[in-house]
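Undergrad: I am sharing work29.pdb, which consists of PDB, C-alpha atoms:
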```
ATOM      1  CA  MET A   1     -25.227  -5.062   9.549
ATOM      2  CA  TYR A   2     -24.042  -1.951  11.358
ATOM      3  CA  ARG A   3     -21.558   0.483   9.869
ATOM      4  CA  PRO A   4     -20.318   3.294  12.140
ATOM      5  CA  ARG A   5     -21.074   6.764  10.899
ATOM      6  CA  ARG A   6     -18.179   8.358   9.053
ATOM      7  CA  GLU A   7     -17.317  12.011   8.851
ATOM      8  CA  SER A   8     -17.666  11.778   5.085
ATOM      9  CA  ASP A   9     -21.315  10.719   5.466
ATOM     10  CA  SER A  10     -22.337  14.055   6.873
ATOM     11  CA  PRO A  11     -23.338  16.935   4.648
ATOM     12  CA  PRO A  12     -20.892  19.876   4.607
ATOM     13  CA  PRO A  13     -21.464  22.328   7.450
ATOM     14  CA  PRO A  14     -23.556  25.374   6.645
ATOM     15  CA  ASN A  15     -21.798  28.530   5.448
ATOM     16  CA  SER A  16     -19.663  29.733   8.279
ATOM     17  CA  TYR A  17     -16.533  31.026   6.531
ATOM     18  CA  THR A  18     -15.309  34.551   6.989
ATOM     19  CA  GLY A  19     -14.577  37.176   4.383
ATOM     20  CA  ASP A  20     -15.196  40.699   3.206
ATOM     21  CA  PHE A  21     -18.956  40.595   2.920
ATOM     22  CA  THR A  22     -21.182  43.619   2.599
ATOM     23  CA  PRO A  23     -24.715  43.367   1.212
ATOM     24  CA  ASN A  24     -23.592  44.743  -2.200
ATOM     25  CA  ARG A  25     -20.618  42.459  -2.310
ATOM     26  CA  ILE A  26     -22.738  39.444  -1.375
ATOM     27  CA  SER A  27     -25.034  40.316  -4.240
ATOM     28  CA  ILE A  28     -22.117  40.519  -6.705
ATOM     29  CA  ILE A  29     -20.683  37.222  -5.488
ATOM     30  CA  ALA A  30     -24.094  35.543  -5.738
ATOM     31  CA  GLN A  31     -24.518  36.784  -9.312
ATOM     32  CA  ASN A  32     -21.037  35.592 -10.250
ATOM     33  CA  ALA A  33     -21.718  32.236  -8.658
ATOM     34  CA  ALA A  34     -24.984  31.886 -10.565
ATOM     35  CA  ARG A  35     -23.267  32.777 -13.831
ATOM     36  CA  SER A  36     -20.279  30.490 -13.380
ATOM     37  CA  GLY A  37     -21.998  27.631 -11.601
ATOM     38  CA  ASP A  38     -19.436  27.884  -8.777
ATOM     39  CA  SER A  39     -20.363  27.690  -5.138
ATOM     40  CA  PHE A  40     -20.747  30.912  -3.226
ATOM     41  CA  ALA A  41     -17.452  30.247  -1.413
ATOM     42  CA  GLU A  42     -15.622  29.670  -4.712
ATOM     43  CA  ALA A  43     -17.059  32.786  -6.300
ATOM     44  CA  SER A  44     -16.156  34.897  -3.276
ATOM     45  CA  ARG A  45     -12.488  34.101  -3.836
ATOM     46  CA  THR A  46     -12.500  35.585  -7.323
ATOM     47  CA  LEU A  47     -13.228  39.124  -6.091
ATOM     48  CA  PRO A  48     -10.321  41.273  -4.953
ATOM     49  CA  PRO A  49     -10.203  42.282  -1.288
ATOM     50  CA  LEU A  50     -12.682  45.013  -0.515
ATOM     51  CA  MET A  51     -11.107  48.463  -0.328
ATOM     52  CA  ILE A  52     -12.918  51.426   1.164
ATOM     53  CA  GLY A  53     -12.138  55.093   0.335
ATOM     54  CA  MET A  54      -8.805  56.519  -0.692
ATOM     55  CA  GLY A  55      -6.998  54.990   2.231
ATOM     56  CA  GLY A  56      -7.847  51.497   1.111
ATOM     57  CA  ARG A  57      -9.024  50.534   4.595
ATOM     58  CA  ARG A  58     -10.275  46.978   4.723
ATOM     59  CA  LEU A  59     -13.541  46.277   6.453
ATOM     60  CA  PRO A  60     -13.291  43.981   9.427
ATOM     61  CA  PRO A  61     -14.127  40.386   8.524
ATOM     62  CA  PHE A  62     -17.856  39.731   8.470
ATOM     63  CA  ARG A  63     -19.039  36.351   9.639
ATOM     64  CA  LEU A  64     -21.896  35.006   7.596
ATOM     65  CA  GLN A  65     -24.471  33.572   9.985
ATOM     66  CA  PRO A  66     -25.257  29.884   9.495
ATOM     67  CA  ALA A  67     -28.644  29.309   7.921
ATOM     68  CA  PRO A  68     -31.298  28.003  10.339
ATOM     69  CA  PRO A  69     -31.474  24.190  10.252
ATOM     70  CA  ARG A  70     -33.833  22.900   7.612
ATOM     71  CA  ASP A  71     -35.942  19.766   7.843
ATOM     72  CA  PRO A  72     -33.974  17.035   6.094
ATOM     73  CA  TYR A  73     -37.143  15.292   4.896
ATOM     74  CA  THR A  74     -39.594  17.366   2.911
ATOM     75  CA  ASN A  75     -41.752  14.712   1.247
ATOM     76  CA  LEU A  76     -44.316  14.425   4.007
ATOM     77  CA  VAL A  77     -47.685  12.721   4.333
ATOM     78  CA  SER A  78     -50.723  13.745   6.380
ATOM     79  CA  VAL A  79     -53.386  11.605   8.009
ATOM     80  CA  HIS A  80     -55.858  10.363   5.396
ATOM     81  CA  PRO A  81     -59.049  12.473   5.357
ATOM     82  CA  ASP A  82     -61.117   9.358   6.116
ATOM     83  CA  PHE A  83     -59.946   9.808   9.719
ATOM     84  CA  ASP A  84     -60.767  13.502  10.109
ATOM     85  CA  GLY A  85     -63.417  12.872  12.759
ATOM     86  CA  GLU A  86     -61.568  10.286  14.818
ATOM     87  CA  THR A  87     -60.782  12.528  17.787
ATOM     88  CA  ASP A  88     -64.503  13.220  18.228
ATOM     89  CA  VAL A  89     -66.316  10.476  20.125
ATOM     90  CA  ASN A  90     -69.524  11.359  18.236
ATOM     91  CA  ARG A  91     -68.057  11.102  14.745
ATOM     92  CA  LYS A  92     -66.982   8.314  12.450
ATOM     93  CA  PRO A  93     -64.730   6.550  12.040
ATOM     94  CA  PHE A  94     -64.476   4.818  15.387
ATOM     95  CA  LEU A  95     -67.847   6.201  16.468
ATOM     96  CA  GLY A  96     -68.042   5.887  20.247
ATOM     97  CA  ASP A  97     -64.239   5.899  20.549
ATOM     98  CA  GLN A  98     -61.836   8.804  20.712
ATOM     99  CA  VAL A  99     -58.432   8.438  19.111
ATOM    100  CA  GLU A 100     -55.741  10.024  21.247
ATOM    101  CA  ARG A 101     -53.200  12.679  20.265
ATOM    102  CA  VAL A 102     -49.889  12.690  22.145
ATOM    103  CA  ALA A 103     -48.464  16.085  23.115
ATOM    104  CA  PRO A 104     -44.828  16.722  22.056
ATOM    105  CA  GLU A 105     -43.346  16.551  25.550
ATOM    106  CA  ARG A 106     -44.972  13.180  26.274
ATOM    107  CA  LEU A 107     -44.142  11.951  22.792
ATOM    108  CA  GLU A 108     -40.455  12.645  23.406
ATOM    109  CA  ARG A 109     -40.476  11.216  26.922
ATOM    110  CA  ILE A 110     -42.344   7.978  26.272
ATOM    111  CA  PHE A 111     -42.357   7.113  22.597
ATOM    112  CA  ALA A 112     -39.019   8.386  21.233
ATOM    113  CA  VAL A 113     -36.668   5.677  19.982
ATOM    114  CA  ARG A 114     -33.124   6.569  18.948
ATOM    115  CA  PHE A 115     -30.118   4.772  17.524
ATOM    116  CA  GLY A 116     -27.094   4.730  19.790
ATOM    117  CA  PRO A 117     -23.533   4.908  18.464
ATOM    118  CA  ASP A 118     -23.551   1.097  18.542
ATOM    119  CA  GLY A 119     -26.439   0.986  16.061
ATOM    120  CA  ILE A 120     -28.861  -0.285  18.705
ATOM    121  CA  LEU A 121     -32.329   1.259  18.661
ATOM    122  CA  ARG A 122     -33.110   2.375  22.179
ATOM    123  CA  GLY A 123     -36.354   3.479  23.752
ATOM    124  CA  ARG A 124     -37.516   4.591  27.135
ATOM    125  CA  GLY A 125     -34.855   4.362  29.856
ATOM    126  CA  ASN A 126     -32.232   3.914  27.121
ATOM    127  CA  ARG A 127     -33.186   0.232  26.925
ATOM    128  CA  PRO A 128     -32.838  -1.630  23.607
ATOM    129  CA  PHE A 129     -36.205  -1.462  21.893
ATOM    130  CA  GLN A 130     -38.145  -4.711  21.340
ATOM    131  CA  SER A 131     -41.259  -5.311  19.292
ATOM    132  CA  SER A 132     -41.871  -8.722  20.839
ATOM    133  CA  THR A 133     -44.836  -7.360  22.804
ATOM    134  CA  GLY A 134     -46.253  -5.577  19.780
ATOM    135  CA  THR A 135     -49.292  -6.462  17.738
ATOM    136  CA  ALA A 136     -49.718  -9.298  15.309
ATOM    137  CA  ALA A 137     -53.353  -9.155  14.258
ATOM    138  CA  PHE A 138     -52.881 -11.805  11.585
ATOM    139  CA  GLY A 139     -50.663 -14.177  13.505
ATOM    140  CA  GLN A 140     -47.445 -12.762  12.083
ATOM    141  CA  ASP A 141     -44.397 -11.865  14.119
ATOM    142  CA  PRO A 142     -45.176  -8.993  16.498
ATOM    143  CA  ARG A 143     -44.491  -5.429  15.423
ATOM    144  CA  ALA A 144     -44.486  -1.938  16.846
ATOM    145  CA  ILE A 145     -46.132   0.931  15.021
ATOM    146  CA  PHE A 146     -43.972   3.983  14.258
ATOM    147  CA  VAL A 147     -43.889   7.380  12.650
ATOM    148  CA  MET A 148     -40.828   9.385  11.593
ATOM    149  CA  ASP A 149     -41.018  13.168  11.620
ATOM    150  CA  SER A 150     -39.491  15.631   9.171
ATOM    151  CA  GLN A 151     -36.300  15.769  11.268
ATOM    152  CA  GLY A 152     -35.817  12.004  11.073
ATOM    153  CA  ARG A 153     -36.907  11.416  14.681
ATOM    154  CA  ILE A 154     -38.690   8.095  15.178
ATOM    155  CA  TYR A 155     -41.515   7.468  17.654
ATOM    156  CA  ALA A 156     -42.845   3.971  18.271
ATOM    157  CA  THR A 157     -45.116   1.930  20.493
ATOM    158  CA  ASN A 158     -45.986  -1.718  20.959
ATOM    159  CA  HIS A 159     -49.438  -0.874  22.219
ATOM    160  CA  PRO A 160     -51.767   0.508  19.590
ATOM    161  CA  ALA A 161     -55.454   0.040  20.350
ATOM    162  CA  PRO A 162     -58.249   0.108  17.776
ATOM    163  CA  GLY A 163     -60.217   3.326  18.014
ATOM    164  CA  GLU A 164     -57.967   4.663  20.787
ATOM    165  CA  PHE A 165     -54.305   4.749  19.842
ATOM    166  CA  HIS A 166     -52.986   4.678  16.280
ATOM    167  CA  HIS A 167     -50.207   6.094  14.115
ATOM    168  CA  SER A 168     -52.136   9.364  14.166
ATOM    169  CA  SER A 169     -51.693   9.477  17.959
ATOM    170  CA  LEU A 170     -47.911   9.529  17.496
ATOM    171  CA  GLY A 171     -48.151  11.918  14.542
ATOM    172  CA  ASN A 172     -50.210  14.382  16.581
ATOM    173  CA  ASP A 173     -51.799  16.020  13.520
ATOM    174  CA  VAL A 174     -48.436  16.963  12.031
ATOM    175  CA  PRO A 175     -47.460  15.560   8.605
ATOM    176  CA  VAL A 176     -44.838  12.820   8.939
ATOM    177  CA  ALA A 177     -41.944  11.682   6.776
ATOM    178  CA  ALA A 178     -42.790   7.979   7.151
ATOM    179  CA  ALA A 179     -45.104   5.650   9.050
ATOM    180  CA  GLY A 180     -45.563   1.920   9.367
ATOM    181  CA  GLU A 181     -44.430  -1.001  11.481
ATOM    182  CA  LEU A 182     -41.081  -1.981  12.986
ATOM    183  CA  SER A 183     -39.934  -5.494  13.791
ATOM    184  CA  VAL A 184     -37.091  -5.133  16.301
ATOM    185  CA  SER A 185     -35.151  -7.693  18.360
ATOM    186  CA  ASN A 186     -32.819  -6.404  21.083
ATOM    187  CA  GLY A 187     -32.578  -3.051  19.364
ATOM    188  CA  ARG A 188     -31.759  -4.530  15.930
ATOM    189  CA  ILE A 189     -34.315  -3.798  13.244
ATOM    190  CA  ASN A 190     -35.388  -6.950  11.405
ATOM    191  CA  PHE A 191     -37.653  -5.220   8.908
ATOM    192  CA  ILE A 192     -39.943  -2.268   8.394
ATOM    193  CA  THR A 193     -43.354  -2.177   6.706
ATOM    194  CA  ALA A 194     -45.417   0.659   5.243
ATOM    195  CA  ALA A 195     -48.567  -0.582   7.024
ATOM    196  CA  SER A 196     -50.422   2.457   8.301
ATOM    197  CA  GLY A 197     -54.095   2.894   7.537
ATOM    198  CA  HIS A 198     -53.922   6.466   8.788
ATOM    199  CA  TYR A 199     -51.004   7.720   6.683
ATOM    200  CA  ARG A 200     -50.953   5.187   3.817
ATOM    201  CA  PRO A 201     -47.342   6.093   3.045
ATOM    202  CA  GLN A 202     -46.175   5.808  -0.530
ATOM    203  CA  ARG A 203     -42.822   4.576  -1.749
ATOM    204  CA  ILE A 204     -41.380   8.110  -1.613
ATOM    205  CA  HIS A 205     -42.175   8.344   2.109
ATOM    206  CA  MET A 206     -40.561   5.002   2.887
ATOM    207  CA  LEU A 207     -37.487   6.299   1.055
ATOM    208  CA  ASN A 208     -37.231   8.871   3.862
ATOM    209  CA  VAL A 209     -36.864   6.159   6.502
ATOM    210  CA  LYS A 210     -34.373   4.294   4.316
ATOM    211  CA  LEU A 211     -32.227   7.439   4.049
ATOM    212  CA  GLU A 212     -32.472   8.101   7.775
ATOM    213  CA  LEU A 213     -31.392   4.570   8.674
ATOM    214  CA  GLU A 214     -28.505   4.809   6.228
ATOM    215  CA  ARG A 215     -27.504   8.158   7.753
ATOM    216  CA  GLN A 216     -27.374   6.353  11.106
ATOM    217  CA  GLY A 217     -25.264   3.555   9.624
ATOM    218  CA  ILE A 218     -28.031   0.947   9.809
ATOM    219  CA  LEU A 219     -27.691  -1.333   6.796
ATOM    220  CA  ASP A 220     -29.378  -4.430   5.336
ATOM    221  CA  VAL A 221     -32.844  -3.631   6.697
ATOM    222  CA  PRO A 222     -35.610  -4.556   4.242
ATOM    223  CA  ILE A 223     -38.499  -2.119   3.929
ATOM    224  CA  TYR A 224     -41.730  -3.734   2.733
ATOM    225  CA  ASP A 225     -45.007  -2.374   1.442
ATOM    226  CA  HIS A 226     -48.124  -2.523   3.664
ATOM    227  CA  LYS A 227     -48.428  -6.303   3.378
ATOM    228  CA  GLY A 228     -45.087  -6.930   5.077
ATOM    229  CA  PRO A 229     -42.791  -9.916   4.578
ATOM    230  CA  ALA A 230     -45.538 -12.565   4.443
ATOM    231  CA  GLY A 231     -47.293 -11.293   1.342
ATOM    232  CA  GLY A 232     -45.738  -8.026   0.295
ATOM    233  CA  ASN A 233     -42.953  -6.621  -1.847
ATOM    234  CA  VAL A 234     -39.624  -5.218  -0.765
ATOM    235  CA  LEU A 235     -39.531  -1.511  -1.537
ATOM    236  CA  TYR A 236     -35.980  -0.889  -0.358
ATOM    237  CA  VAL A 237     -33.096  -2.429   1.527
ATOM    238  CA  THR A 238     -30.992   0.029   3.487
ATOM    239  CA  GLY A 239     -27.483   0.297   2.103
ATOM    240  CA  LEU A 240     -28.562  -0.821  -1.355
ATOM    241  CA  ASP A 241     -29.596   1.453  -4.225
TER     242      ASP A 241
ATOM    243  CA  MET B   1     -73.182   0.946   8.308
ATOM    244  CA  SER B   2     -75.353   1.363  11.393
ATOM    245  CA  THR B   3     -75.329  -1.935  13.210
ATOM    246  CA  ALA B   4     -75.105  -2.263  16.967
ATOM    247  CA  TYR B   5     -71.502  -3.350  16.501
ATOM    248  CA  SER B   6     -70.251  -0.786  13.992
ATOM    249  CA  ALA B   7     -67.243   0.110  16.186
ATOM    250  CA  GLU B   8     -66.140  -3.522  16.304
ATOM    251  CA  MET B   9     -66.525  -3.778  12.535
ATOM    252  CA  GLU B  10     -64.447  -0.641  12.073
ATOM    253  CA  HIS B  11     -61.708  -2.154  14.243
ATOM    254  CA  LEU B  12     -61.680  -5.209  12.015
ATOM    255  CA  VAL B  13     -61.727  -3.254   8.749
ATOM    256  CA  TYR B  14     -58.903  -1.053  10.030
ATOM    257  CA  SER B  15     -56.757  -4.102  10.702
ATOM    258  CA  LEU B  16     -56.830  -4.902   6.972
ATOM    259  CA  PHE B  17     -54.323  -2.111   6.356
ATOM    260  CA  SER B  18     -51.656  -4.367   7.850
ATOM    261  CA  ALA B  19     -52.953  -7.679   6.484
ATOM    262  CA  PRO B  20     -50.455  -9.822   4.553
ATOM    263  CA  GLY B  21     -53.335 -10.568   2.168
ATOM    264  CA  LEU B  22     -56.914 -11.758   2.428
ATOM    265  CA  THR B  23     -56.077 -15.441   2.522
ATOM    266  CA  ARG B  24     -57.548 -18.264   4.584
ATOM    267  CA  GLU B  25     -54.342 -18.314   6.599
ATOM    268  CA  ALA B  26     -54.745 -14.606   7.393
ATOM    269  CA  ALA B  27     -58.388 -15.214   8.365
ATOM    270  CA  VAL B  28     -57.318 -17.951  10.782
ATOM    271  CA  GLY B  29     -54.672 -15.631  12.227
ATOM    272  CA  LEU B  30     -57.163 -12.795  12.677
ATOM    273  CA  ALA B  31     -59.738 -15.089  14.310
ATOM    274  CA  LYS B  32     -57.044 -16.306  16.702
ATOM    275  CA  THR B  33     -56.136 -12.718  17.598
ATOM    276  CA  ILE B  34     -59.801 -11.859  18.177
ATOM    277  CA  ARG B  35     -60.112 -14.889  20.461
ATOM    278  CA  GLY B  36     -56.949 -13.785  22.299
ATOM    279  CA  GLY B  37     -58.697 -10.535  23.205
ATOM    280  CA  ARG B  38     -55.534  -8.498  23.704
ATOM    281  CA  TYR B  39     -55.711  -6.350  20.590
ATOM    282  CA  PHE B  40     -59.474  -6.479  19.981
ATOM    283  CA  PRO B  41     -61.204  -5.544  23.234
ATOM    284  CA  GLY B  42     -64.674  -6.602  24.365
ATOM    285  CA  GLY B  43     -64.497 -10.321  23.735
ATOM    286  CA  PRO B  44     -64.814 -12.481  20.616
ATOM    287  CA  ASP B  45     -68.611 -12.698  20.711
ATOM    288  CA  ARG B  46     -68.943  -9.004  19.939
ATOM    289  CA  TYR B  47     -66.759  -9.396  16.861
ATOM    290  CA  THR B  48     -68.524 -12.535  15.729
ATOM    291  CA  ASP B  49     -71.862 -10.727  15.983
ATOM    292  CA  ALA B  50     -70.464  -7.637  14.257
ATOM    293  CA  ILE B  51     -69.285  -9.663  11.260
ATOM    294  CA  GLU B  52     -72.567 -11.554  11.118
ATOM    295  CA  GLN B  53     -74.594  -8.327  11.083
ATOM    296  CA  ALA B  54     -72.342  -6.598   8.587
ATOM    297  CA  LEU B  55     -72.411  -9.485   6.128
ATOM    298  CA  ALA B  56     -76.207  -9.747   6.401
ATOM    299  CA  ARG B  57     -76.719  -6.127   5.332
ATOM    300  CA  PRO B  58     -76.231  -4.596   1.896
ATOM    301  CA  ASP B  59     -74.424  -1.525   3.337
ATOM    302  CA  SER B  60     -70.802  -1.140   2.331
ATOM    303  CA  ILE B  61     -68.290  -2.460   4.844
ATOM    304  CA  THR B  62     -65.381  -0.647   3.260
ATOM    305  CA  ALA B  63     -66.844   2.827   2.564
ATOM    306  CA  ALA B  64     -65.747   4.509   5.806
ATOM    307  CA  MET B  65     -62.043   3.647   5.612
ATOM    308  CA  ARG B  66     -61.418   2.316   2.129
ATOM    309  CA  PRO B  67     -58.908  -0.462   2.838
ATOM    310  CA  PRO B  68     -56.710  -1.601  -0.061
ATOM    311  CA  TYR B  69     -59.156  -4.357  -1.092
ATOM    312  CA  SER B  70     -62.507  -4.420  -2.872
ATOM    313  CA  GLU B  71     -65.838  -4.709  -1.053
ATOM    314  CA  ALA B  72     -66.299  -8.228  -2.410
ATOM    315  CA  GLU B  73     -62.827  -9.308  -1.283
ATOM    316  CA  VAL B  74     -63.405  -7.889   2.186
ATOM    317  CA  ARG B  75     -66.802  -9.544   2.521
ATOM    318  CA  GLY B  76     -65.331 -12.850   1.417
ATOM    319  CA  PHE B  77     -62.514 -12.504   3.901
ATOM    320  CA  PHE B  78     -64.764 -11.692   6.842
ATOM    321  CA  GLY B  79     -66.882 -14.657   5.867
ATOM    322  CA  LEU B  80     -63.774 -16.796   6.408
ATOM    323  CA  VAL B  81     -63.009 -15.062   9.709
ATOM    324  CA  HIS B  82     -66.577 -15.595  10.886
ATOM    325  CA  ALA B  83     -66.466 -19.271   9.979
ATOM    326  CA  GLU B  84     -63.177 -19.653  11.840
ATOM    327  CA  LEU B  85     -64.563 -17.862  14.911
ATOM    328  CA  GLN B  86     -67.552 -20.187  14.931
ATOM    329  CA  ARG B  87     -65.397 -23.245  14.345
ATOM    330  CA  THR B  88     -63.229 -22.404  17.335
ATOM    331  CA  GLU B  89     -66.040 -21.129  19.548
ATOM    332  CA  HIS B  90     -65.712 -23.781  22.222
ATOM    333  CA  ARG B  91     -61.955 -24.107  22.167
ATOM    334  CA  THR B  92     -60.988 -21.112  24.259
TER     335      THR B  92
END
```
Kindly transcribe the structure held in the file into structure tokens.

TA:
Amino acid sequence: MYRPRRESDSPPPPNSYTGDFTPNRISIIAQNAARSGDSFAEASRTLPPLMIGMGGRRLPPFRLQPAPPRDPYTNLVSVHPDFDGETDVNRKPFLGDQVERVAPERLERIFAVRFGPDGILRGRGNRPFQSSTGTAAFGQDPRAIFVMDSQGRIYATNHPAPGEFHHSSLGNDVPVAAAGELSVSNGRINFITAASGHYRPQRIHMLNVKLELERQGILDVPIYDHKGPAGGNVLYVTGLD
Amino acid sequence: MSTAYSAEMEHLVYSLFSAPGLTREAAVGLAKTIRGGRYFPGGPDRYTDAIEQALARPDSITAAMRPPYSEAEVRGFFGLVHAELQRTEHRT
């Protein structure tokens, strides 16, 4: 089920209000806010207007700069140390093979998948993403592999190759917020699994992808453990607590 | 493990991270995928030989990647896969 994003779903914008702020005054307001439990904005209203010198000249309004954007997902997971040597053709695992790493520009150009305003997951060329050409090593329904970064950006491919292209190729040696498999039909996600031998995501990491899908208005998507729907347990369903 | 087909065996062990379980049904599915040749490159004979060699040796199959199953479970499972590959050898 798709629910359009509402304004109320978004977090409040970063501090961008104006006021009489000097470093000393900011410090006083922050202390008052800490004492009273009020927000910084609330506490700033309790101080009288700033007066300078005998003339009582007000300082021009000072605009507080918005804080730099922070990564929304901070519970990240790195590639399991068992795979430390995989990019070296002379080291195990995958001795004789070399597992690829995808540079950021290529990652964005080829493997990025994004939800449109209609709730459809789209990939390269803005086409609805499909996992029908993905892998199904055990005869299950085909799936794509994916990783989600700390910003909630999802990268996926239907063409992993043992010893050559894995989740770690998409992750490019950067810790990820989630990893696993996607089953997608015409851009609609059927289910997600936590199957990734490289990242071995825990429940807390799959919560990241649940929150991201919910932020995008994508509801009723079951998220399974590494065994998937045939033999595994449902960890979460988007839209449900 | 230092068999001539250790890479093939690693490919197979790695696939266990997305297995729905180590059941006979999963073994049949994996054997079918190996026979298909799209995901596991190099042809089914290489994988059949790799399993045969790995099961014949006392070396751990699971030590390099530590899949979410015990050594005994994995050996049992690849025994089923091997049997299925042999059973379907002349059907492709």

Undergrad: Taking the file as shown, find all residues satisfying the ChimeraX specification (/A :<10) & /B and write them as JSON, numbers by chain.

TA: {"B": [6, 7, 8, 9, 10, 11, 12, 13, 14, 15, 16, 17, 18, 19, 20, 21, 22, 23, 25, 26, 27, 28, 29, 30, 31, 32, 33, 34, 36, 38, 39, 40, 41, 63, 64, 65, 66, 67, 68]}

Undergrad: Find the residue from B:Asp49, B:Arg75, B:Arg87, B:Tyr5 that sits nearest to B:Thr62; use only C-alpha atoms when measuring.

TA: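 Of all the options, B:Arg75 lies closest to B:Thr62.
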
Undergrad: Rounded to one decimal, what separation in Å do you get between atom CA of A:Ile120 and atom CA of A:Ser168?

TA: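 Here the two named atoms are 25.6 Å from each other.
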
Undergrad: Around all listed atoms of stretch 3-16 of chain B, padded 8 Å per side, what centre and edge lengths does the axis-aligned box have in Å to one decimal, as JSON?

TA:
```
{"center_x": -66.0, "center_y": -2.5, "center_z": 12.0, "size_x": 34.6, "size_y": 21.3, "size_z": 26.0}
```

Undergrad: Excluding A:Ala179 and its own-chain neighbours fewer than 3 positions away, which residues fall within 10 Å of it when counting only C-alpha atoms? Please give them as a PyMOL selection string.

TA: chain A and resi 77+145-149+154-156+167-168+170-171+176+182+192-202+205-206+208-209

Undergrad: Counting all atoms listed in the file, figure out which residue out of B:Gln53, B:Gln86, B:Ser60, B:Thr48 gets nearest to B:Glu73.

TA: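 Once distances to B:Glu73 are computed over all atoms listed in the file, the minimum belongs to B:Ser60.
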
Undergrad: Report, in Å to a single decimal, how far apart atom CA of A:Val79 and atom CA of A:Leu219 are.

TA: 28.8 Å

Undergrad: Considering all atoms listed in the file, state which residue in the set A:Ser27, A:Thr133, A:Asn90, A:Ser78 is at the smallest distance from A:Val174.

TA: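 Ranked by minimum distance to A:Val174, first place goes to A:Ser78.
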
Undergrad: At a cut-off of 9 Å, using only C-alpha atoms, what residues contact B:Leu55? Leave out same-chain residues fewer than 6 positions from it and give the result as a PDB file with C-alpha atoms, in the coordinates of the input.

TA:
```
ATOM      1  CA  ILE B  61     -68.290  -2.460   4.844  1.00  0.00           C
ATOM      2  CA  ARG B  75     -66.802  -9.544   2.521  1.00  0.00           C
ATOM      3  CA  PHE B  78     -64.764 -11.692   6.842  1.00  0.00           C
ATOM      4  CA  GLY B  79     -66.882 -14.657   5.867  1.00  0.00           C
TER       5      GLY B  79
END
```

Undergrad: Expand the PyMOL selection byres ((chain A and resi 122-125) around 8) into the individual residues it matches in the shown file, reporting them as a list in words.

TA: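 In the shown coordinates, the PyMOL selection byres ((chain A and resi 122-125) around 8) covers Arg109, Ile110, Phe111, Ala112, Val113, Arg114, Phe115, Gly116, Ile120, Leu121, Asn126, Arg127, Pro128, Phe129 and Gly187 of chain A.
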
Undergrad: Report, in Å to a single decimal, how far apart atom CA of A:Val102 and atom CA of A:Asp88 are.

TA: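 For atom CA of A:Asp88 relative to atom CA of A:Val102, the distance reads 15.1 Å.
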